[in-house]
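Reviewing the structure listed below.
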Amino acid sequence: MRQLIARRLLQTIPLLFFVSIVCFALIKMAPGDPVLSFVTPNMHAEDIERIRHNLGLDKPAYVQYFLWLKELVQGNLGYSLVNHQPVLDQILDRLPATAGLMGSAIALAVLLAIPLGLVAGANRGRWPDKLINFISYIGISVPLFWLAILLIYLFAIELHWLPIMGMRTIGVNSALDVLKHGILPCAVLAFSFLSVYVRYIRSSTIGQLKEDYVQIQYAFGSSKRLVLFRHVLKHVLLPIITLLGISMAELVTGAIVTETVFSWPGIGSLGMTAVRGMDYPLIMGITLFSAVLLIVGNLLADILYGFADPRINKAR
């Protein structure tokens, strides 16, 4: 296990280096100019060029990249071109809001997807399977922004049950207020994750029900529910672990659309602001942070595989 962790960590360095190069190149090829954020209608060309020089944008692209990389090696993600604040501080300030929202959505989706996927797989071709599949297809097909707008119209505008946007009501500082603001965005994200998770669990359940150990349990008189939730469930954990590992990166960037629609003050909305302002240090910082979480998530998934199925450790 230690060798696996050490090997994966060593593979992380060139992978992050490659991700940073690709991300920086895409930013530089994208249309737009961060200097335009500071330009006023009557500003002289000399003033514009002075701003460009102060921001270091008059240097060649490869020089800008290596200057950024030098700061990264020193543990510094640089400073925002727009607000001149440290990139790492901005990410860490927004991280709790996004992690809380995404973590709640993923947890809710997993708790609902496990029984629904098991039931759908055990009733393949019957009405419970068709109903669950229909709901899953809706979740996969419907755009998140459309679903978010629909829920806002229904629960906030028509019924006045829940707030429309933001994370807190002005002048109110309570956990209940944060919870009320998070219900709609959490529901949108959970429905999206649920639709994907159910499909994976259903497919895995169908495959497991064909195994010999299931027939043996039936031969010993075990009920269908007991076989599903005690024996089959252990074997469908592997795709769930894989999905959770991949979802680690989405704790940072997965809620971009939802956070923007609901004005949720997380990293997703921060990323949208960075893209609009061509703030490449902030974009690079968020991208690199997401890549690190994705790698860590896959590493944790590999470790959890060994606990879920000890045969995997022997194969390693």
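To be explicit about the labels: the chains of the structure tokens are called A, B, and onward in the order shown, and within each one the residues are counted from 1, while ligands get numbers from 1 in the order they are shown.
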
(request) Please provide as a VMD selection string all residues within 8 Å of range 79-84 of chain A, with the sequence filter that same-chain residues fewer than 6 positions apart are discarded (counting only C-alpha atoms). (result) chain A and resid 34 37 55 277 279 to 282

Output N, CA, C and O atoms for every residue in the selection just made, as a PDB file, in the first residue's frame.
```
ATOM      1  N   PRO A  34      -6.917  41.021 -20.182  1.00  0.00           N
ATOM      2  CA  PRO A  34      -7.205  41.443 -18.804  1.00  0.00           C
ATOM      3  C   PRO A  34      -6.991  42.928 -18.567  1.00  0.00           C
ATOM      4  O   PRO A  34      -7.566  43.507 -17.643  1.00  0.00           O
ATOM      5  N   SER A  37      -9.944  45.483 -18.270  1.00  0.00           N
ATOM      6  CA  SER A  37     -10.681  45.698 -17.026  1.00  0.00           C
ATOM      7  C   SER A  37     -10.306  47.021 -16.374  1.00  0.00           C
ATOM      8  O   SER A  37     -11.047  47.550 -15.543  1.00  0.00           O
ATOM      9  N   LEU A  55       1.541  44.763 -14.813  1.00  0.00           N
ATOM     10  CA  LEU A  55       0.967  43.434 -14.622  1.00  0.00           C
ATOM     11  C   LEU A  55       1.850  42.327 -15.181  1.00  0.00           C
ATOM     12  O   LEU A  55       1.557  41.136 -14.988  1.00  0.00           O
ATOM     13  N   GLY A 277     -12.812  38.178 -16.555  1.00  0.00           N
ATOM     14  CA  GLY A 277     -11.767  39.188 -16.483  1.00  0.00           C
ATOM     15  C   GLY A 277     -10.430  38.738 -17.022  1.00  0.00           C
ATOM     16  O   GLY A 277      -9.443  39.473 -16.900  1.00  0.00           O
ATOM     17  N   ASP A 279      -8.407  36.709 -15.840  1.00  0.00           N
ATOM     18  CA  ASP A 279      -7.489  36.749 -14.701  1.00  0.00           C
ATOM     19  C   ASP A 279      -6.745  35.415 -14.644  1.00  0.00           C
ATOM     20  O   ASP A 279      -7.113  34.505 -13.898  1.00  0.00           O
ATOM     21  N   TYR A 280      -5.660  35.291 -15.426  1.00  0.00           N
ATOM     22  CA  TYR A 280      -5.052  33.972 -15.596  1.00  0.00           C
ATOM     23  C   TYR A 280      -4.405  33.418 -14.325  1.00  0.00           C
ATOM     24  O   TYR A 280      -4.408  32.196 -14.128  1.00  0.00           O
ATOM     25  N   PRO A 281      -3.836  34.216 -13.412  1.00  0.00           N
ATOM     26  CA  PRO A 281      -3.344  33.592 -12.179  1.00  0.00           C
ATOM     27  C   PRO A 281      -4.444  32.926 -11.367  1.00  0.00           C
ATOM     28  O   PRO A 281      -4.244  31.841 -10.802  1.00  0.00           O
ATOM     29  N   LEU A 282      -5.611  33.553 -11.328  1.00  0.00           N
ATOM     30  CA  LEU A 282      -6.732  32.974 -10.591  1.00  0.00           C
ATOM     31  C   LEU A 282      -7.268  31.736 -11.307  1.00  0.00           C
ATOM     32  O   LEU A 282      -7.594  30.721 -10.666  1.00  0.00           O
TER      33      LEU A 282
END
```

(message) List the spatial neighbours of range 12-28 of chain A as a ChimeraX atom specification - criterion: any atom at most 12 Å away, only C-alpha atoms, same-chain residues fewer than 5 positions off excluded.
(response) /A:5-7,33-34,57,60-66,68-69,72-73,77,274-296,298-299

(message) According to DSSP computed on the backbone, where in range 120-212 of chain A is there alpha helix (DSSP H)? Give the residues as a ChimeraX atom specification.
(response) /A:120-122,127-141,144-151,175-208,212

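When only C-alpha atoms are used to measure the gap to Ile240 in chain A, the shortest distance among A:Thr169, A:Ser192, A:Ser204, A:Ser263 belongs to A:Ser204.
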
(message) Env of range 255-258 of chain A: 6 Å cut, atoms = only C-alpha atoms, seq-sep filter 2 positions within chain, self excluded. Answer as number ranges by chain.
(response) A: 253, 260-261, 268-269

Preceding selection exported with C-alpha atoms as a PDB file, in the first residue's frame:
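Wrote it out as part_2.pdb, contents follow:
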```pdb
ATOM      1  CA  THR A 253     -15.412  23.344 -10.021  1.00  0.00           C
ATOM      2  CA  THR A 260     -23.712  31.324 -10.869  1.00  0.00           C
ATOM      3  CA  VAL A 261     -27.498  30.912 -11.148  1.00  0.00           C
ATOM      4  CA  GLY A 268     -17.462  28.158  -9.065  1.00  0.00           C
ATOM      5  CA  SER A 269     -18.706  31.733  -9.168  1.00  0.00           C
TER       6      SER A 269
END
```

(request) Grab the CA of His44 in chain A to CA of Pro31 in chain A distance for me, in Å with one decimal place. (result)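 Straight-line distance from CA of His44 in chain A to CA of Pro31 in chain A works out to 22.4 Å.
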
(message) Using Å and a single decimal, report how far CA of Ile140 in chain A sits from CA of Pro96 in chain A.
(response) 27.0 Å

For Met165 in chain A, work out the shell of residues within 12 Å, counting only C-alpha atoms and skipping chain neighbours fewer than 2 positions away, then give it as a CSV table (one decimal) with all heavy atoms, in the first residue's frame.
```csv
chain,number,residue,atom,x,y,z
A,148,ALA,N,-32.5,24.7,-12.4
A,148,ALA,CA,-32.4,25.7,-11.3
A,148,ALA,C,-33.4,26.9,-11.5
A,148,ALA,O,-34.0,27.3,-10.5
A,148,ALA,CB,-30.9,26.3,-11.3
A,149,ILE,N,-33.5,27.4,-12.7
A,149,ILE,CA,-34.5,28.4,-12.9
A,149,ILE,C,-35.9,28.0,-12.6
A,149,ILE,O,-36.7,28.7,-12.1
A,149,ILE,CB,-34.4,29.0,-14.4
A,149,ILE,CG1,-33.0,29.6,-14.6
A,149,ILE,CG2,-35.5,29.9,-14.7
A,149,ILE,CD1,-32.7,30.0,-16.0
A,151,LEU,N,-36.9,25.6,-10.5
A,151,LEU,CA,-37.1,25.5,-9.0
A,151,LEU,C,-37.2,26.9,-8.4
A,151,LEU,O,-37.9,27.1,-7.4
A,151,LEU,CB,-35.9,24.7,-8.4
A,151,LEU,CG,-35.8,23.2,-8.8
A,151,LEU,CD1,-34.7,22.6,-8.0
A,151,LEU,CD2,-37.2,22.5,-8.5
A,152,ILE,N,-36.4,27.9,-8.9
A,152,ILE,CA,-36.5,29.2,-8.4
A,152,ILE,C,-37.9,29.8,-8.6
A,152,ILE,O,-38.5,30.4,-7.7
A,152,ILE,CB,-35.4,30.1,-9.0
A,152,ILE,CG1,-34.0,29.8,-8.5
A,152,ILE,CG2,-35.7,31.6,-8.7
A,152,ILE,CD1,-32.9,30.5,-9.2
A,153,TYR,N,-38.4,29.6,-9.8
A,153,TYR,CA,-39.7,30.1,-10.1
A,153,TYR,C,-40.8,29.5,-9.3
A,153,TYR,O,-41.7,30.2,-8.8
A,153,TYR,CB,-40.0,29.8,-11.6
A,153,TYR,CG,-41.4,30.3,-12.0
A,153,TYR,CD1,-41.7,31.6,-12.3
A,153,TYR,CD2,-42.5,29.3,-12.2
A,153,TYR,CE1,-43.0,32.0,-12.6
A,153,TYR,CE2,-43.7,29.7,-12.5
A,153,TYR,CZ,-44.0,31.1,-12.7
A,153,TYR,OH,-45.3,31.5,-13.1
A,156,ALA,N,-39.5,29.8,-5.0
A,156,ALA,CA,-39.1,31.1,-4.5
A,156,ALA,C,-40.1,32.2,-4.9
A,156,ALA,O,-40.5,33.0,-4.1
A,156,ALA,CB,-37.7,31.5,-4.9
A,157,ILE,N,-40.5,32.2,-6.2
A,157,ILE,CA,-41.3,33.2,-6.7
A,157,ILE,C,-42.8,32.9,-6.5
A,157,ILE,O,-43.5,33.8,-6.0
A,157,ILE,CB,-41.0,33.5,-8.2
A,157,ILE,CG1,-39.6,33.9,-8.4
A,157,ILE,CG2,-42.0,34.5,-8.8
A,157,ILE,CD1,-39.2,34.1,-9.9
A,162,LEU,N,-38.7,29.5,-0.2
A,162,LEU,CA,-37.2,29.5,-0.1
A,162,LEU,C,-36.6,30.8,-0.7
A,162,LEU,O,-37.2,31.4,-1.6
A,162,LEU,CB,-36.6,28.3,-0.8
A,162,LEU,CG,-37.0,26.9,-0.1
A,162,LEU,CD1,-36.6,25.8,-1.1
A,162,LEU,CD2,-36.5,26.8,1.2
A,163,PRO,N,-35.5,31.2,-0.3
A,163,PRO,CA,-34.8,32.4,-0.9
A,163,PRO,C,-34.3,32.1,-2.3
A,163,PRO,O,-34.1,30.9,-2.6
A,163,PRO,CB,-33.7,32.7,0.1
A,163,PRO,CG,-33.4,31.4,0.8
A,163,PRO,CD,-34.7,30.7,0.9
A,167,MET,N,-26.1,33.2,-0.1
A,167,MET,CA,-25.8,32.2,1.0
A,167,MET,C,-26.4,32.6,2.3
A,167,MET,O,-26.7,31.7,3.1
A,167,MET,CB,-24.3,31.9,1.1
A,167,MET,CG,-23.9,30.8,2.0
A,167,MET,SD,-22.1,30.5,2.0
A,167,MET,CE,-22.0,29.4,3.3
A,168,ARG,N,-26.6,33.9,2.5
A,168,ARG,CA,-27.2,34.4,3.7
A,168,ARG,C,-28.1,35.6,3.4
A,168,ARG,O,-27.9,36.3,2.5
A,168,ARG,CB,-26.1,34.8,4.7
A,168,ARG,CG,-25.2,33.7,5.3
A,168,ARG,CD,-24.2,34.2,6.3
A,168,ARG,NE,-23.5,33.2,6.9
A,168,ARG,CZ,-22.4,32.6,6.5
A,168,ARG,NH1,-21.9,33.1,5.3
A,168,ARG,NH2,-21.7,31.7,7.1
A,169,THR,N,-29.0,35.8,4.3
A,169,THR,CA,-29.9,37.0,4.3
A,169,THR,C,-29.1,38.1,4.9
A,169,THR,O,-28.5,37.9,6.0
A,169,THR,CB,-31.2,36.7,5.0
A,169,THR,OG1,-31.9,35.6,4.3
A,169,THR,CG2,-32.1,37.9,4.9
A,170,ILE,N,-29.2,39.3,4.4
A,170,ILE,CA,-28.5,40.4,4.9
A,170,ILE,C,-29.0,40.7,6.4
A,170,ILE,O,-30.2,40.8,6.6
A,170,ILE,CB,-28.7,41.7,4.1
A,170,ILE,CG1,-28.0,41.4,2.7
A,170,ILE,CG2,-28.0,42.9,4.7
A,170,ILE,CD1,-28.3,42.5,1.7
A,177,ASP,N,-30.6,29.9,8.4
A,177,ASP,CA,-30.7,30.7,7.2
A,177,ASP,C,-29.8,30.2,6.1
A,177,ASP,O,-30.2,30.2,4.9
A,177,ASP,CB,-30.3,32.1,7.6
A,177,ASP,CG,-30.4,33.1,6.4
A,177,ASP,OD1,-31.6,33.3,6.0
A,177,ASP,OD2,-29.4,33.7,6.0
A,178,VAL,N,-28.6,29.7,6.4
A,178,VAL,CA,-27.7,29.2,5.4
A,178,VAL,C,-28.3,27.9,4.8
A,178,VAL,O,-28.2,27.7,3.6
A,178,VAL,CB,-26.3,28.9,6.0
A,178,VAL,CG1,-25.4,28.2,5.0
A,178,VAL,CG2,-25.6,30.2,6.5
A,180,LYS,N,-31.5,27.2,4.6
A,180,LYS,CA,-32.6,27.5,3.7
A,180,LYS,C,-32.1,28.0,2.3
A,180,LYS,O,-32.7,27.6,1.3
A,180,LYS,CB,-33.5,28.6,4.3
A,180,LYS,CG,-34.3,28.1,5.5
A,180,LYS,CD,-35.0,29.3,6.2
A,180,LYS,CE,-36.0,30.0,5.2
A,180,LYS,NZ,-36.7,31.1,5.9
A,181,HIS,N,-31.0,28.8,2.3
A,181,HIS,CA,-30.4,29.2,1.1
A,181,HIS,C,-29.8,28.1,0.3
A,181,HIS,O,-29.7,28.2,-1.0
A,181,HIS,CB,-29.4,30.3,1.3
A,181,HIS,CG,-29.9,31.7,1.6
A,181,HIS,ND1,-30.4,32.0,2.8
A,181,HIS,CD2,-30.1,32.7,0.8
A,181,HIS,CE1,-30.8,33.3,2.8
A,181,HIS,NE2,-30.6,33.7,1.5
A,182,GLY,N,-29.4,27.0,0.9
A,182,GLY,CA,-28.7,25.9,0.3
A,182,GLY,C,-29.6,24.8,-0.3
A,182,GLY,O,-29.1,24.0,-1.0
A,183,ILE,N,-30.9,24.9,0.1
A,183,ILE,CA,-31.8,23.8,-0.3
A,183,ILE,C,-31.9,23.7,-1.8
A,183,ILE,O,-31.7,22.6,-2.4
A,183,ILE,CB,-33.1,24.0,0.4
A,183,ILE,CG1,-33.1,23.7,1.9
A,183,ILE,CG2,-34.2,23.0,-0.3
A,183,ILE,CD1,-34.4,23.9,2.6
A,184,LEU,N,-32.2,24.8,-2.5
A,184,LEU,CA,-32.4,24.7,-3.9
A,184,LEU,C,-31.1,24.4,-4.7
A,184,LEU,O,-31.2,23.4,-5.5
A,184,LEU,CB,-33.0,26.1,-4.4
A,184,LEU,CG,-34.4,26.4,-4.0
A,184,LEU,CD1,-34.9,27.7,-4.6
A,184,LEU,CD2,-35.4,25.2,-4.5
A,185,PRO,N,-30.0,25.0,-4.5
A,185,PRO,CA,-28.8,24.6,-5.2
A,185,PRO,C,-28.4,23.2,-4.9
A,185,PRO,O,-27.9,22.4,-5.8
A,185,PRO,CB,-27.7,25.6,-4.8
A,185,PRO,CG,-28.2,26.2,-3.6
A,185,PRO,CD,-29.7,26.2,-3.7
A,258,THR,N,-24.4,26.1,-11.3
A,258,THR,CA,-25.4,26.2,-10.2
A,258,THR,C,-25.0,27.4,-9.3
A,258,THR,O,-25.9,28.2,-8.9
A,258,THR,CB,-25.4,24.9,-9.4
A,258,THR,OG1,-25.6,23.8,-10.3
A,258,THR,CG2,-26.5,25.0,-8.3
A,259,GLU,N,-23.8,27.6,-9.0
A,259,GLU,CA,-23.4,28.7,-8.1
A,259,GLU,C,-23.6,30.0,-8.8
A,259,GLU,O,-24.0,31.0,-8.2
A,259,GLU,CB,-21.9,28.6,-7.8
A,259,GLU,CG,-21.6,27.5,-6.7
A,259,GLU,CD,-20.2,27.6,-6.3
A,259,GLU,OE1,-19.4,28.4,-6.8
A,259,GLU,OE2,-19.8,26.7,-5.4
A,260,THR,N,-23.5,30.1,-10.1
A,260,THR,CA,-23.7,31.3,-10.9
A,260,THR,C,-25.2,31.7,-10.9
A,260,THR,O,-25.6,32.8,-10.6
A,260,THR,CB,-23.2,31.2,-12.3
A,260,THR,OG1,-21.8,30.9,-12.3
A,260,THR,CG2,-23.4,32.5,-13.1
A,261,VAL,N,-26.1,30.7,-11.1
A,261,VAL,CA,-27.5,30.9,-11.1
A,261,VAL,C,-28.0,31.4,-9.8
A,261,VAL,O,-28.8,32.3,-9.7
A,261,VAL,CB,-28.2,29.6,-11.6
A,261,VAL,CG1,-29.8,29.8,-11.5
A,261,VAL,CG2,-27.9,29.3,-13.0
A,262,PHE,N,-27.5,30.7,-8.7
A,262,PHE,CA,-28.0,31.0,-7.4
A,262,PHE,C,-27.2,32.1,-6.6
A,262,PHE,O,-27.4,32.3,-5.5
A,262,PHE,CB,-28.1,29.7,-6.5
A,262,PHE,CG,-29.2,28.8,-6.9
A,262,PHE,CD1,-28.9,27.7,-7.7
A,262,PHE,CD2,-30.5,29.0,-6.5
A,262,PHE,CE1,-29.9,26.8,-8.1
A,262,PHE,CE2,-31.5,28.1,-6.9
A,262,PHE,CZ,-31.2,27.0,-7.7
A,263,SER,N,-26.2,32.6,-7.3
A,263,SER,CA,-25.3,33.6,-6.7
A,263,SER,C,-24.7,33.1,-5.4
A,263,SER,O,-24.5,33.8,-4.4
A,263,SER,CB,-26.0,34.9,-6.4
A,263,SER,OG,-26.5,35.5,-7.6
A,264,TRP,N,-24.3,31.8,-5.4
A,264,TRP,CA,-23.7,31.1,-4.3
A,264,TRP,C,-22.2,31.6,-4.2
A,264,TRP,O,-21.5,31.4,-5.2
A,264,TRP,CB,-23.8,29.6,-4.4
A,264,TRP,CG,-23.4,28.9,-3.2
A,264,TRP,CD1,-22.2,28.3,-2.9
A,264,TRP,CD2,-24.2,28.6,-2.0
A,264,TRP,NE1,-22.2,27.7,-1.7
A,264,TRP,CE2,-23.4,27.9,-1.1
A,264,TRP,CE3,-25.5,28.9,-1.7
A,264,TRP,CZ2,-23.9,27.4,0.1
A,264,TRP,CZ3,-26.0,28.5,-0.5
A,264,TRP,CH2,-25.2,27.8,0.4
A,265,PRO,N,-21.7,32.1,-3.1
A,265,PRO,CA,-20.4,32.6,-3.1
A,265,PRO,C,-19.3,31.6,-2.9
A,265,PRO,O,-18.5,31.5,-1.9
A,265,PRO,CB,-20.4,33.5,-1.8
A,265,PRO,CG,-21.4,32.9,-0.9
A,265,PRO,CD,-22.4,32.3,-1.8
```

(request) Record the distance separating CA of Leu67 in chain A and CA of Glu46 in chain A, expressed in Å with one decimal. (result)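 Value for the CA of Leu67 in chain A-CA of Glu46 in chain A distance: 24.5 Å.
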
(message) Env of range 98-111 of chain A: 8 Å cut, atoms = only C-alpha atoms, seq-sep filter 2 positions within chain, self excluded. Answer as JSON, numbers by chain.
(response) {"A": [94, 95, 96, 113, 114, 115, 182, 185, 186, 187, 189, 190, 191, 193, 194, 197, 240, 250, 251, 252, 254, 255, 265, 266, 267, 268]}

(request) Have a look at A:Arg230, A:Val35, A:Asp89, A:Phe145 and name the one nearest to Asp58 in chain A; count only C-alpha atoms. (result)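 Nearest candidate to Asp58 in chain A out of A:Arg230, A:Val35, A:Asp89, A:Phe145: A:Val35.
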